[in-house]
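Enquirer: For reference, the file coords.pdb (PDB, C-alpha atoms) is included below:
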```
ATOM      1  CA  MET A 751     -24.913 -29.350 -48.563
ATOM      2  CA  ARG A 752     -21.429 -30.248 -49.739
ATOM      3  CA  ALA A 753     -20.929 -26.705 -51.019
ATOM      4  CA  THR A 754     -22.098 -25.326 -47.717
ATOM      5  CA  ALA A 755     -19.733 -27.582 -45.794
ATOM      6  CA  PHE A 756     -16.832 -26.688 -48.093
ATOM      7  CA  GLY A 757     -17.577 -22.973 -47.662
ATOM      8  CA  ALA A 758     -17.643 -23.316 -43.886
ATOM      9  CA  GLN A 759     -14.308 -25.173 -43.969
ATOM     10  CA  MET A 760     -12.702 -22.468 -46.078
ATOM     11  CA  SER A 761     -14.098 -19.804 -43.750
ATOM     12  CA  ASP A 762     -12.440 -21.515 -40.793
ATOM     13  CA  MET A 763      -9.118 -21.762 -42.627
ATOM     14  CA  THR A 764      -9.092 -18.094 -43.629
ATOM     15  CA  ALA A 765     -10.171 -16.749 -40.242
ATOM     16  CA  PRO A 766      -7.459 -14.713 -38.468
ATOM     17  CA  ALA A 767      -5.259 -16.898 -36.314
ATOM     18  CA  SER A 768      -5.401 -14.394 -33.477
ATOM     19  CA  SER A 769      -9.111 -15.084 -32.971
ATOM     20  CA  SER A 770      -8.298 -18.535 -31.567
ATOM     21  CA  LEU A 771      -5.626 -17.223 -29.220
ATOM     22  CA  PRO A 772      -6.470 -16.083 -25.699
ATOM     23  CA  ALA A 773      -5.922 -12.428 -24.964
ATOM     24  CA  ARG A 774      -2.775 -11.723 -23.024
ATOM     25  CA  ARG A 775      -3.568 -11.104 -19.398
ATOM     26  CA  LYS A 776      -2.273  -7.831 -18.076
ATOM     27  CA  GLY A 777       0.129  -8.035 -15.178
ATOM     28  CA  ALA A 778      -0.063  -6.050 -11.963
ATOM     29  CA  LEU A 779       2.271  -3.297 -13.193
ATOM     30  CA  HIS A 780       0.317  -2.823 -16.421
ATOM     31  CA  GLU A 781      -2.899  -2.389 -14.472
ATOM     32  CA  VAL A 782      -1.342   0.190 -12.165
ATOM     33  CA  LEU A 783       0.208   2.107 -15.065
ATOM     34  CA  ASP A 784      -3.097   2.155 -16.972
ATOM     35  CA  GLU A 785      -4.879   3.561 -13.926
ATOM     36  CA  LEU A 786      -2.253   6.267 -13.511
ATOM     37  CA  VAL A 787      -2.391   7.291 -17.162
ATOM     38  CA  GLU A 788      -6.165   7.504 -16.950
ATOM     39  CA  ALA A 789      -5.873   9.664 -13.822
ATOM     40  CA  VAL A 790      -3.662  12.249 -15.572
ATOM     41  CA  SER A 791      -5.336  12.182 -18.990
ATOM     42  CA  ASP A 792      -7.916  14.879 -18.298
ATOM     43  CA  ALA A 793      -6.919  17.518 -20.854
ATOM     44  CA  ALA A 794      -9.181  20.099 -19.199
ATOM     45  CA  HIS A 795      -6.594  20.734 -16.471
ATOM     46  CA  GLU A 796      -2.930  21.700 -16.723
ATOM     47  CA  LYS A 797      -2.116  20.196 -13.326
ATOM     48  CA  VAL A 798      -3.147  17.067 -11.473
ATOM     49  CA  ARG A 799      -3.613  16.678  -7.735
ATOM     50  CA  VAL A 800      -1.535  14.165  -5.825
ATOM     51  CA  GLY A 801      -4.854  12.987  -4.456
ATOM     52  CA  ALA A 802      -5.950  11.929  -7.949
ATOM     53  CA  LEU A 803      -2.922   9.663  -8.282
ATOM     54  CA  VAL A 804      -3.438   8.243  -4.800
ATOM     55  CA  SER A 805      -7.118   7.602  -5.513
ATOM     56  CA  ALA A 806      -6.214   5.803  -8.741
ATOM     57  CA  VAL A 807      -4.167   3.156  -6.944
ATOM     58  CA  GLY A 808      -5.010   3.630  -3.278
ATOM     59  CA  ARG A 809      -7.577   0.840  -3.217
ATOM     60  CA  ARG A 810      -4.739  -1.566  -3.992
ATOM     61  CA  THR A 811      -3.173  -0.668  -0.628
ATOM     62  CA  TYR A 812       0.519  -0.085  -0.064
ATOM     63  CA  GLY A 813       2.432  -1.697  -2.923
ATOM     64  CA  PRO A 814       1.143   0.380  -5.843
ATOM     65  CA  LEU A 815       1.079   3.515  -3.693
ATOM     66  CA  LEU A 816       4.759   3.086  -2.825
ATOM     67  CA  LEU A 817       5.463   2.455  -6.492
ATOM     68  CA  VAL A 818       3.662   5.638  -7.547
ATOM     69  CA  VAL A 819       5.355   7.837  -4.961
ATOM     70  CA  GLY A 820       8.716   6.217  -5.663
ATOM     71  CA  LEU A 821       8.354   6.900  -9.386
ATOM     72  CA  PHE A 822       7.401  10.461  -8.568
ATOM     73  CA  ALA A 823      10.546  10.741  -6.409
ATOM     74  CA  ILE A 824      12.768   9.964  -9.394
ATOM     75  CA  SER A 825      10.686  11.859 -11.966
ATOM     76  CA  PRO A 826      11.487  15.306 -13.436
ATOM     77  CA  ALA A 827       8.769  16.776 -11.188
ATOM     78  CA  THR A 828      11.225  16.748  -8.278
ATOM     79  CA  ILE A 829      13.223  19.592  -9.817
ATOM     80  CA  VAL A 830      10.656  21.867  -8.161
ATOM     81  CA  PRO A 831      12.252  23.265  -4.976
ATOM     82  CA  LEU A 832      11.484  21.240  -1.830
ATOM     83  CA  MET A 833       9.517  18.676  -3.844
ATOM     84  CA  THR A 834      12.036  15.927  -3.016
ATOM     85  CA  SER A 835      11.695  16.614   0.706
ATOM     86  CA  PHE A 836       7.905  16.689   0.390
ATOM     87  CA  THR A 837       7.956  13.343  -1.399
ATOM     88  CA  SER A 838      10.173  11.900   1.335
ATOM     89  CA  VAL A 839       7.694  12.992   4.004
ATOM     90  CA  VAL A 840       4.847  11.342   2.077
ATOM     91  CA  ILE A 841       6.833   8.109   1.749
ATOM     92  CA  LEU A 842       7.713   8.200   5.433
ATOM     93  CA  ALA A 843       4.055   8.631   6.381
ATOM     94  CA  ILE A 844       3.052   5.698   4.181
ATOM     95  CA  ALA A 845       5.851   3.481   5.516
ATOM     96  CA  LEU A 846       5.020   4.147   9.158
ATOM     97  CA  GLN A 847       1.370   3.285   8.588
ATOM     98  CA  MET A 848       2.449   0.129   6.798
ATOM     99  CA  ALA A 849       4.708  -0.795   9.718
ATOM    100  CA  ALA A 850       1.848  -0.146  12.156
ATOM    101  CA  GLY A 851      -0.287  -2.663  10.297
ATOM    102  CA  LEU A 852      -2.983  -0.293   9.028
ATOM    103  CA  ARG A 853      -4.911  -1.931   6.203
ATOM    104  CA  ARG A 854      -5.330   1.263   4.165
ATOM    105  CA  PRO A 855      -2.924   4.216   3.946
ATOM    106  CA  TRP A 856      -4.090   7.680   4.949
ATOM    107  CA  LEU A 857      -2.601  11.026   3.918
ATOM    108  CA  PRO A 858      -3.622  14.517   5.095
ATOM    109  CA  LYS A 859      -5.592  16.744   2.751
ATOM    110  CA  SER A 860      -2.715  19.247   2.573
ATOM    111  CA  MET A 861      -0.575  16.570   0.912
ATOM    112  CA  LEU A 862      -3.330  15.351  -1.385
ATOM    113  CA  ASP A 863      -4.011  18.888  -2.617
ATOM    114  CA  ILE A 864      -0.467  19.391  -3.944
ATOM    115  CA  GLU A 865      -0.606  19.906  -7.718
ATOM    116  CA  ILE A 866       1.954  18.754 -10.257
ATOM    117  CA  PRO A 867       2.235  19.420 -14.034
ATOM    118  CA  ARG A 868      -0.118  17.041 -15.829
ATOM    119  CA  LEU A 869       1.740  16.769 -19.129
ATOM    120  CA  ALA A 870       5.069  16.089 -17.415
ATOM    121  CA  MET A 871       3.576  13.209 -15.444
ATOM    122  CA  LEU A 872       1.728  11.833 -18.479
ATOM    123  CA  SER A 873       4.928  11.887 -20.533
ATOM    124  CA  PHE A 874       6.841  10.224 -17.691
ATOM    125  CA  PHE A 875       4.291   7.427 -17.333
ATOM    126  CA  GLU A 876       4.220   6.780 -21.073
ATOM    127  CA  LYS A 877       8.011   6.547 -21.166
ATOM    128  CA  LEU A 878       7.760   3.853 -18.502
ATOM    129  CA  ARG A 879       5.499   1.657 -20.623
ATOM    130  CA  PRO A 880       8.283  -0.112 -22.602
ATOM    131  CA  ALA A 881      10.028  -0.998 -19.335
ATOM    132  CA  VAL A 882       6.761  -2.277 -17.875
ATOM    133  CA  ASP A 883       6.218  -4.353 -21.026
ATOM    134  CA  ARG A 884       9.589  -6.019 -20.500
ATOM    135  CA  LEU A 885       9.211  -6.553 -16.757
ATOM    136  CA  ASP A 886       5.620  -7.617 -16.336
ATOM    137  CA  GLY A 887       5.294 -11.368 -16.646
ATOM    138  CA  ALA A 888       8.895 -11.958 -17.729
ATOM    139  CA  TRP A 889      10.884 -10.637 -14.778
ATOM    140  CA  LEU A 890       8.069 -10.372 -12.255
ATOM    141  CA  ARG A 891       6.131 -13.221 -10.700
ATOM    142  CA  PRO A 892       5.006 -14.273  -7.227
ATOM    143  CA  ARG A 893       8.031 -15.725  -5.435
ATOM    144  CA  LEU A 894       9.488 -15.569  -1.959
ATOM    145  CA  THR A 895       6.012 -14.346  -1.050
ATOM    146  CA  PHE A 896       6.725 -14.688   2.681
ATOM    147  CA  LEU A 897       8.651 -11.422   2.318
ATOM    148  CA  THR A 898       5.406  -9.666   1.368
ATOM    149  CA  LYS A 899       3.474 -10.857   4.420
ATOM    150  CA  PRO A 900       3.605 -10.111   8.161
ATOM    151  CA  PRO A 901       5.798 -10.102  10.110
ATOM    152  CA  VAL A 902       8.517  -9.719   7.448
ATOM    153  CA  VAL A 903       6.592  -6.955   5.697
ATOM    154  CA  THR A 904       7.084  -4.831   8.828
ATOM    155  CA  LEU A 905      10.847  -4.976   8.224
ATOM    156  CA  VAL A 906      10.213  -3.935   4.611
ATOM    157  CA  ALA A 907       8.180  -0.969   5.854
ATOM    158  CA  LEU A 908      11.003   0.101   8.176
ATOM    159  CA  CYS A 909      13.454  -0.114   5.265
ATOM    160  CA  VAL A 910      11.159   2.123   3.219
ATOM    161  CA  ALA A 911      11.054   4.581   6.123
ATOM    162  CA  GLY A 912      14.843   4.474   6.284
ATOM    163  CA  ALA A 913      15.116   5.198   2.567
ATOM    164  CA  ALA A 914      12.762   8.156   2.978
ATOM    165  CA  LEU A 915      14.819   9.573   5.855
ATOM    166  CA  ILE A 916      18.059   9.167   3.894
ATOM    167  CA  THR A 917      16.537  11.065   0.980
ATOM    168  CA  ILE A 918      16.036  14.257   2.991
ATOM    169  CA  PRO A 919      19.735  15.084   3.580
ATOM    170  CA  LEU A 920      20.708  13.698   0.177
ATOM    171  CA  SER A 921      18.291  16.153  -1.473
ATOM    172  CA  LEU A 922      20.967  18.812  -0.968
ATOM    173  CA  ILE A 923      23.216  16.972  -3.436
ATOM    174  CA  PRO A 924      22.230  16.877  -7.132
ATOM    175  CA  PHE A 925      21.022  13.426  -8.264
ATOM    176  CA  ALA A 926      21.919  11.840  -4.920
ATOM    177  CA  PRO A 927      18.246  11.188  -3.987
ATOM    178  CA  LEU A 928      17.947   8.894  -7.000
ATOM    179  CA  ALA A 929      19.493   5.988  -5.077
ATOM    180  CA  PRO A 930      16.936   5.825  -2.233
ATOM    181  CA  GLY A 931      14.206   6.713  -4.739
ATOM    182  CA  ILE A 932      15.094   3.668  -6.817
ATOM    183  CA  ALA A 933      15.055   1.569  -3.634
ATOM    184  CA  ILE A 934      11.496   2.704  -2.944
ATOM    185  CA  VAL A 935      10.475   1.881  -6.527
ATOM    186  CA  LEU A 936      11.918  -1.620  -6.061
ATOM    187  CA  PHE A 937       9.944  -2.039  -2.834
ATOM    188  CA  GLY A 938       6.797  -0.842  -4.597
ATOM    189  CA  VAL A 939       7.312  -3.223  -7.514
ATOM    190  CA  GLY A 940       7.936  -6.132  -5.170
ATOM    191  CA  MET A 941       4.856  -5.433  -3.060
ATOM    192  CA  THR A 942       2.641  -4.905  -6.116
ATOM    193  CA  ALA A 943       3.738  -8.109  -7.866
ATOM    194  CA  ARG A 944       4.231 -10.057  -4.596
ATOM    195  CA  ASP A 945       7.784 -10.739  -5.729
ATOM    196  CA  GLY A 946      10.146 -11.092  -2.782
ATOM    197  CA  LEU A 947      13.211 -10.978  -5.012
ATOM    198  CA  TRP A 948      12.490  -7.337  -5.842
ATOM    199  CA  LEU A 949      12.018  -6.584  -2.158
ATOM    200  CA  ALA A 950      15.468  -8.035  -1.532
ATOM    201  CA  LEU A 951      16.868  -5.804  -4.274
ATOM    202  CA  GLY A 952      15.188  -2.836  -2.606
ATOM    203  CA  LEU A 953      16.839  -3.752   0.681
ATOM    204  CA  MET A 954      20.245  -3.873  -1.023
ATOM    205  CA  ALA A 955      19.641  -0.476  -2.624
ATOM    206  CA  THR A 956      18.620   0.974   0.748
ATOM    207  CA  VAL A 957      21.767  -0.343   2.414
ATOM    208  CA  GLY A 958      23.866   1.087  -0.411
ATOM    209  CA  SER A 959      22.179   4.495  -0.026
ATOM    210  CA  ALA A 960      22.752   4.428   3.720
ATOM    211  CA  LEU A 961      26.442   3.617   3.294
ATOM    212  CA  PHE A 962      26.780   6.430   0.758
ATOM    213  CA  TRP A 963      25.186   8.894   3.189
ATOM    214  CA  MET A 964      27.351   7.692   6.101
ATOM    215  CA  LYS A 965      30.459   8.105   3.968
ATOM    216  CA  LEU A 966      29.442  11.672   3.133
ATOM    217  CA  ILE A 967      29.197  12.638   6.805
ATOM    218  CA  GLY A 968      32.365  10.755   7.742
ATOM    219  CA  LEU A 969      30.879   7.850   9.704
ATOM    220  CA  VAL A 970      32.564   5.242   7.491
TER     221      VAL A 970
END
```
Let's see the structure in the file written out as structure tokens.
Expert:
Amino acid sequence: MRATAFGAQMSDMTAPASSSLPARRKGALHEVLDELVEAVSDAAHEKVRVGALVSAVGRRTYGPLLLVVGLFAISPATIVPLMTSFTSVVILAIALQMAAGLRRPWLPKSMLDIEIPRLAMLSFFEKLRPAVDRLDGAWLRPRLTFLTKPPVVTLVALCVAGAALITIPLSLIPFAPLAPGIAIVLFGVGMTARDGLWLALGLMATVGSALFWMKLIGLV
């Protein structure tokens, strides 16, 4: 019996330390990114429908959807002619529904049927993973959550709509749409993680984009 007890003790001492540690819980951004990668990982098709991306995160309502469309707005896929304007229209439609208080976003079939290169999107999402690793849990947490709830969230939705409208004229200038696109990503991150600080950063980015546009047309 002593030998058995000694053997059991040695087994406990030599067991991997990681077995006693709880698995790290994935944050909201990790979950969204994993769902997106899964949606574009079907090697049988060269292109992926916008509807597939929306379906992957649509059940999470507006935050992840804004994040996805915002990331698309600053991705290499927007080099396709008129794609930036199309993305702006999609964002505007989502923002107006959010402002109206609809619980689930709706997009027309013509938008959902748009196809984008699968490998380009997969590569883009994978390049985002290191940034998500750094942000999720360390820089993101629920705070200032009143900014993510009605009635303040209506103001956030109107800011998103404003960023989408600014993007349309800025699409005529190379790289100019990046500023409002980043603002929309910040709004999406904030809504997904229920982090009001990121919503405030999105508001600042939207104001900066608006001032840049007004300066271009001579209003300031």
Enquirer: Apply the PyMOL selection byres ((chain A and resi 872) around 12) to the displayed file and report the matching residues as a PyMOL selection string.
Expert: chain A and resi 783-793+796-798+803+822+825-827+866-871+873-879
Enquirer: Residues of stretch 832-948 of chain A within 12 Å of stretch 964-970 of chain A: nearest atom pair and distance (Å, one decimal) for each, counting only C-alpha atoms, sorted by chain and number, as CSV?
Expert:
```
residue,atom,partner,partner_atom,distance
A:Ile916,CA,A:Met964,CA,9.7
A:Pro919,CA,A:Ile967,CA,10.3
A:Leu920,CA,A:Leu966,CA,9.4
A:Leu922,CA,A:Leu966,CA,11.8
A:Ile923,CA,A:Leu966,CA,10.5
A:Ala926,CA,A:Leu966,CA,11.0
```
Enquirer: So, counting all atoms listed in the file, which residue among A:Ser805, A:Thr917, A:Ser959, A:Thr898 is closest to A:Gly820?
Expert: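 Result for the nearest residue to A:Gly820: A:Thr917.
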Enquirer: What does the structure give for the distance between atom CA of A:Ala806 and atom CA of A:Ser835, in Å to one decimal?
Expert: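 Between atom CA of A:Ala806 and atom CA of A:Ser835 the gap works out to 23.0 Å.
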Enquirer: Since I can't run it myself right now, could you work out what the PyMOL selection byres ((chain A and resi 940-945) around 8) selects here and report it as a count of residues only?
Expert: 21
Enquirer: Taking 5 positions as the minimum chain separation for residues in the same chain, which residues sit within 10 Å of A:Val903 when counting all atoms listed in the file? Answer as a ChimeraX atom specification.
Expert: /A:848-849,851,896-898,908-909,941,949
Enquirer: Using all atoms listed in the file, which residue out of A:Pro858, A:Pro930, A:Val957, A:Leu846 lies closest to A:Thr904?
Expert: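 Answer, going by the shortest atom-to-atom distance: A:Leu846.
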Enquirer: If you measure from atom CA of A:Val902 to atom CA of A:Ala843, what distance in Å do you get, rounded to one decimal?
Expert: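 Between atom CA of A:Val902 and atom CA of A:Ala843 the gap works out to 18.9 Å.
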Enquirer: For the atom pair atom CA of A:Asp886 and atom CA of A:Gly777, what is the interatomic distance in Å to one decimal place?
Expert: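 Separating atom CA of A:Asp886 from atom CA of A:Gly777 is a distance of 5.6 Å.
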Enquirer: Using all atoms listed in the file for the distances, tell me which of A:Pro900, A:Gly952, A:Ile829, A:Trp856 is nearest to A:Leu842.
Expert: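 Result for the nearest residue to A:Leu842: A:Trp856.
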Enquirer: Under the rule that all atoms listed in the file are counted, which of A:Thr837, A:Trp963, A:Ala933, A:Gly801 is the nearest residue to A:Ala950?
Expert: A:Ala933
Enquirer: Would you mind telling me which residue in A:Pro855, A:His780, A:Leu951, A:Ser838 lies nearest to A:Pro880 when using only C-alpha atoms?
Expert: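 Checking each of A:Pro855, A:His780, A:Leu951, A:Ser838 against A:Pro880, counting only C-alpha atoms, the winner is A:His780.
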Enquirer: Between A:Leu816, A:Ala823, A:Ala845, A:Val807, which has the minimum distance to A:Phe925 (counting all atoms listed in the file)?
Expert: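 Among the listed residues, the smallest separation from A:Phe925 belongs to A:Ala823.
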Enquirer: The centre and edge lengths of an axis-aligned box containing all atoms of stretch 902-905 of chain A present in the file, extended by 3 Å on each side, are to be given in Å to one decimal, as lines of an AutoDock Vina configuration file.
Expert:
```
center_x = 8.7
center_y = -7.3
center_z = 7.3
size_x = 10.3
size_y = 10.9
size_z = 9.1
```
Enquirer: Provide stretch 810-842 of chain A rebuilt to N, CA and C atoms, formatted as a PDB file, in the frame of the given file.
Expert:
```
ATOM      1  N   ARG A 810      -5.603  -0.389  -3.927  1.00  0.00           N
ATOM      2  CA  ARG A 810      -4.739  -1.566  -3.992  1.00  0.00           C
ATOM      3  C   ARG A 810      -3.796  -1.633  -2.790  1.00  0.00           C
ATOM      4  N   THR A 811      -3.965  -0.769  -1.853  1.00  0.00           N
ATOM      5  CA  THR A 811      -3.173  -0.668  -0.628  1.00  0.00           C
ATOM      6  C   THR A 811      -1.755  -0.209  -0.914  1.00  0.00           C
ATOM      7  N   TYR A 812      -0.774  -0.742  -0.158  1.00  0.00           N
ATOM      8  CA  TYR A 812       0.519  -0.085  -0.064  1.00  0.00           C
ATOM      9  C   TYR A 812       1.447  -0.276  -1.260  1.00  0.00           C
ATOM     10  N   GLY A 813       1.473  -1.444  -1.853  1.00  0.00           N
ATOM     11  CA  GLY A 813       2.432  -1.697  -2.923  1.00  0.00           C
ATOM     12  C   GLY A 813       2.370  -0.698  -4.066  1.00  0.00           C
ATOM     13  N   PRO A 814       1.231  -0.587  -4.740  1.00  0.00           N
ATOM     14  CA  PRO A 814       1.143   0.380  -5.843  1.00  0.00           C
ATOM     15  C   PRO A 814       1.342   1.821  -5.397  1.00  0.00           C
ATOM     16  N   LEU A 815       0.906   2.146  -4.175  1.00  0.00           N
ATOM     17  CA  LEU A 815       1.079   3.515  -3.693  1.00  0.00           C
ATOM     18  C   LEU A 815       2.560   3.832  -3.506  1.00  0.00           C
ATOM     19  N   LEU A 816       3.310   2.894  -2.949  1.00  0.00           N
ATOM     20  CA  LEU A 816       4.759   3.086  -2.825  1.00  0.00           C
ATOM     21  C   LEU A 816       5.401   3.206  -4.205  1.00  0.00           C
ATOM     22  N   LEU A 817       4.923   2.406  -5.139  1.00  0.00           N
ATOM     23  CA  LEU A 817       5.463   2.455  -6.492  1.00  0.00           C
ATOM     24  C   LEU A 817       5.221   3.818  -7.128  1.00  0.00           C
ATOM     25  N   VAL A 818       4.001   4.338  -6.965  1.00  0.00           N
ATOM     26  CA  VAL A 818       3.662   5.638  -7.547  1.00  0.00           C
ATOM     27  C   VAL A 818       4.512   6.746  -6.944  1.00  0.00           C
ATOM     28  N   VAL A 819       4.594   6.776  -5.619  1.00  0.00           N
ATOM     29  CA  VAL A 819       5.355   7.837  -4.961  1.00  0.00           C
ATOM     30  C   VAL A 819       6.844   7.689  -5.251  1.00  0.00           C
ATOM     31  N   GLY A 820       7.316   6.444  -5.324  1.00  0.00           N
ATOM     32  CA  GLY A 820       8.716   6.217  -5.663  1.00  0.00           C
ATOM     33  C   GLY A 820       9.046   6.694  -7.070  1.00  0.00           C
ATOM     34  N   LEU A 821       8.155   6.412  -8.017  1.00  0.00           N
ATOM     35  CA  LEU A 821       8.354   6.900  -9.386  1.00  0.00           C
ATOM     36  C   LEU A 821       8.339   8.423  -9.426  1.00  0.00           C
ATOM     37  N   PHE A 822       7.452   9.004  -8.639  1.00  0.00           N
ATOM     38  CA  PHE A 822       7.401  10.461  -8.568  1.00  0.00           C
ATOM     39  C   PHE A 822       8.720  11.005  -8.010  1.00  0.00           C
ATOM     40  N   ALA A 823       9.305  10.285  -7.050  1.00  0.00           N
ATOM     41  CA  ALA A 823      10.546  10.741  -6.409  1.00  0.00           C
ATOM     42  C   ALA A 823      11.722  10.768  -7.375  1.00  0.00           C
ATOM     43  N   ILE A 824      11.666   9.967  -8.432  1.00  0.00           N
ATOM     44  CA  ILE A 824      12.768   9.964  -9.394  1.00  0.00           C
ATOM     45  C   ILE A 824      12.351  10.589 -10.720  1.00  0.00           C
ATOM     46  N   SER A 825      11.188  11.235 -10.740  1.00  0.00           N
ATOM     47  CA  SER A 825      10.686  11.859 -11.966  1.00  0.00           C
ATOM     48  C   SER A 825      11.192  13.293 -12.085  1.00  0.00           C
ATOM     49  N   PRO A 826      11.068  13.910 -13.260  1.00  0.00           N
ATOM     50  CA  PRO A 826      11.487  15.306 -13.436  1.00  0.00           C
ATOM     51  C   PRO A 826      10.715  16.292 -12.557  1.00  0.00           C
ATOM     52  N   ALA A 827       9.570  15.868 -12.020  1.00  0.00           N
ATOM     53  CA  ALA A 827       8.769  16.776 -11.188  1.00  0.00           C
ATOM     54  C   ALA A 827       9.514  17.205  -9.932  1.00  0.00           C
ATOM     55  N   THR A 828      10.510  16.425  -9.509  1.00  0.00           N
ATOM     56  CA  THR A 828      11.225  16.748  -8.278  1.00  0.00           C
ATOM     57  C   THR A 828      12.241  17.870  -8.456  1.00  0.00           C
ATOM     58  N   ILE A 829      12.345  18.431  -9.662  1.00  0.00           N
ATOM     59  CA  ILE A 829      13.223  19.592  -9.817  1.00  0.00           C
ATOM     60  C   ILE A 829      12.605  20.831  -9.168  1.00  0.00           C
ATOM     61  N   VAL A 830      11.306  20.767  -8.879  1.00  0.00           N
ATOM     62  CA  VAL A 830      10.656  21.867  -8.161  1.00  0.00           C
ATOM     63  C   VAL A 830      11.257  21.946  -6.766  1.00  0.00           C
ATOM     64  N   PRO A 831      11.637  23.137  -6.306  1.00  0.00           N
ATOM     65  CA  PRO A 831      12.252  23.265  -4.976  1.00  0.00           C
ATOM     66  C   PRO A 831      11.413  22.630  -3.874  1.00  0.00           C
ATOM     67  N   LEU A 832      12.077  21.901  -3.002  1.00  0.00           N
ATOM     68  CA  LEU A 832      11.484  21.240  -1.830  1.00  0.00           C
ATOM     69  C   LEU A 832      10.579  20.065  -2.190  1.00  0.00           C
ATOM     70  N   MET A 833      10.401  19.774  -3.465  1.00  0.00           N
ATOM     71  CA  MET A 833       9.517  18.676  -3.844  1.00  0.00           C
ATOM     72  C   MET A 833      10.085  17.325  -3.415  1.00  0.00           C
ATOM     73  N   THR A 834      11.417  17.184  -3.457  1.00  0.00           N
ATOM     74  CA  THR A 834      12.036  15.927  -3.016  1.00  0.00           C
ATOM     75  C   THR A 834      11.790  15.692  -1.538  1.00  0.00           C
ATOM     76  N   SER A 835      11.944  16.747  -0.732  1.00  0.00           N
ATOM     77  CA  SER A 835      11.695  16.614   0.706  1.00  0.00           C
ATOM     78  C   SER A 835      10.231  16.304   0.979  1.00  0.00           C
ATOM     79  N   PHE A 836       9.333  16.961   0.233  1.00  0.00           N
ATOM     80  CA  PHE A 836       7.905  16.689   0.390  1.00  0.00           C
ATOM     81  C   PHE A 836       7.603  15.228   0.072  1.00  0.00           C
ATOM     82  N   THR A 837       8.177  14.735  -1.018  1.00  0.00           N
ATOM     83  CA  THR A 837       7.956  13.343  -1.399  1.00  0.00           C
ATOM     84  C   THR A 837       8.468  12.393  -0.325  1.00  0.00           C
ATOM     85  N   SER A 838       9.607  12.740   0.278  1.00  0.00           N
ATOM     86  CA  SER A 838      10.173  11.900   1.335  1.00  0.00           C
ATOM     87  C   SER A 838       9.240  11.839   2.539  1.00  0.00           C
ATOM     88  N   VAL A 839       8.628  12.959   2.879  1.00  0.00           N
ATOM     89  CA  VAL A 839       7.694  12.992   4.004  1.00  0.00           C
ATOM     90  C   VAL A 839       6.475  12.114   3.706  1.00  0.00           C
ATOM     91  N   VAL A 840       5.982  12.181   2.469  1.00  0.00           N
ATOM     92  CA  VAL A 840       4.847  11.342   2.077  1.00  0.00           C
ATOM     93  C   VAL A 840       5.215   9.863   2.197  1.00  0.00           C
ATOM     94  N   ILE A 841       6.391   9.506   1.686  1.00  0.00           N
ATOM     95  CA  ILE A 841       6.833   8.109   1.749  1.00  0.00           C
ATOM     96  C   ILE A 841       6.988   7.663   3.193  1.00  0.00           C
ATOM     97  N   LEU A 842       7.541   8.533   4.021  1.00  0.00           N
ATOM     98  CA  LEU A 842       7.713   8.200   5.433  1.00  0.00           C
ATOM     99  C   LEU A 842       6.367   7.953   6.104  1.00  0.00           C
TER     100      LEU A 842
END
```
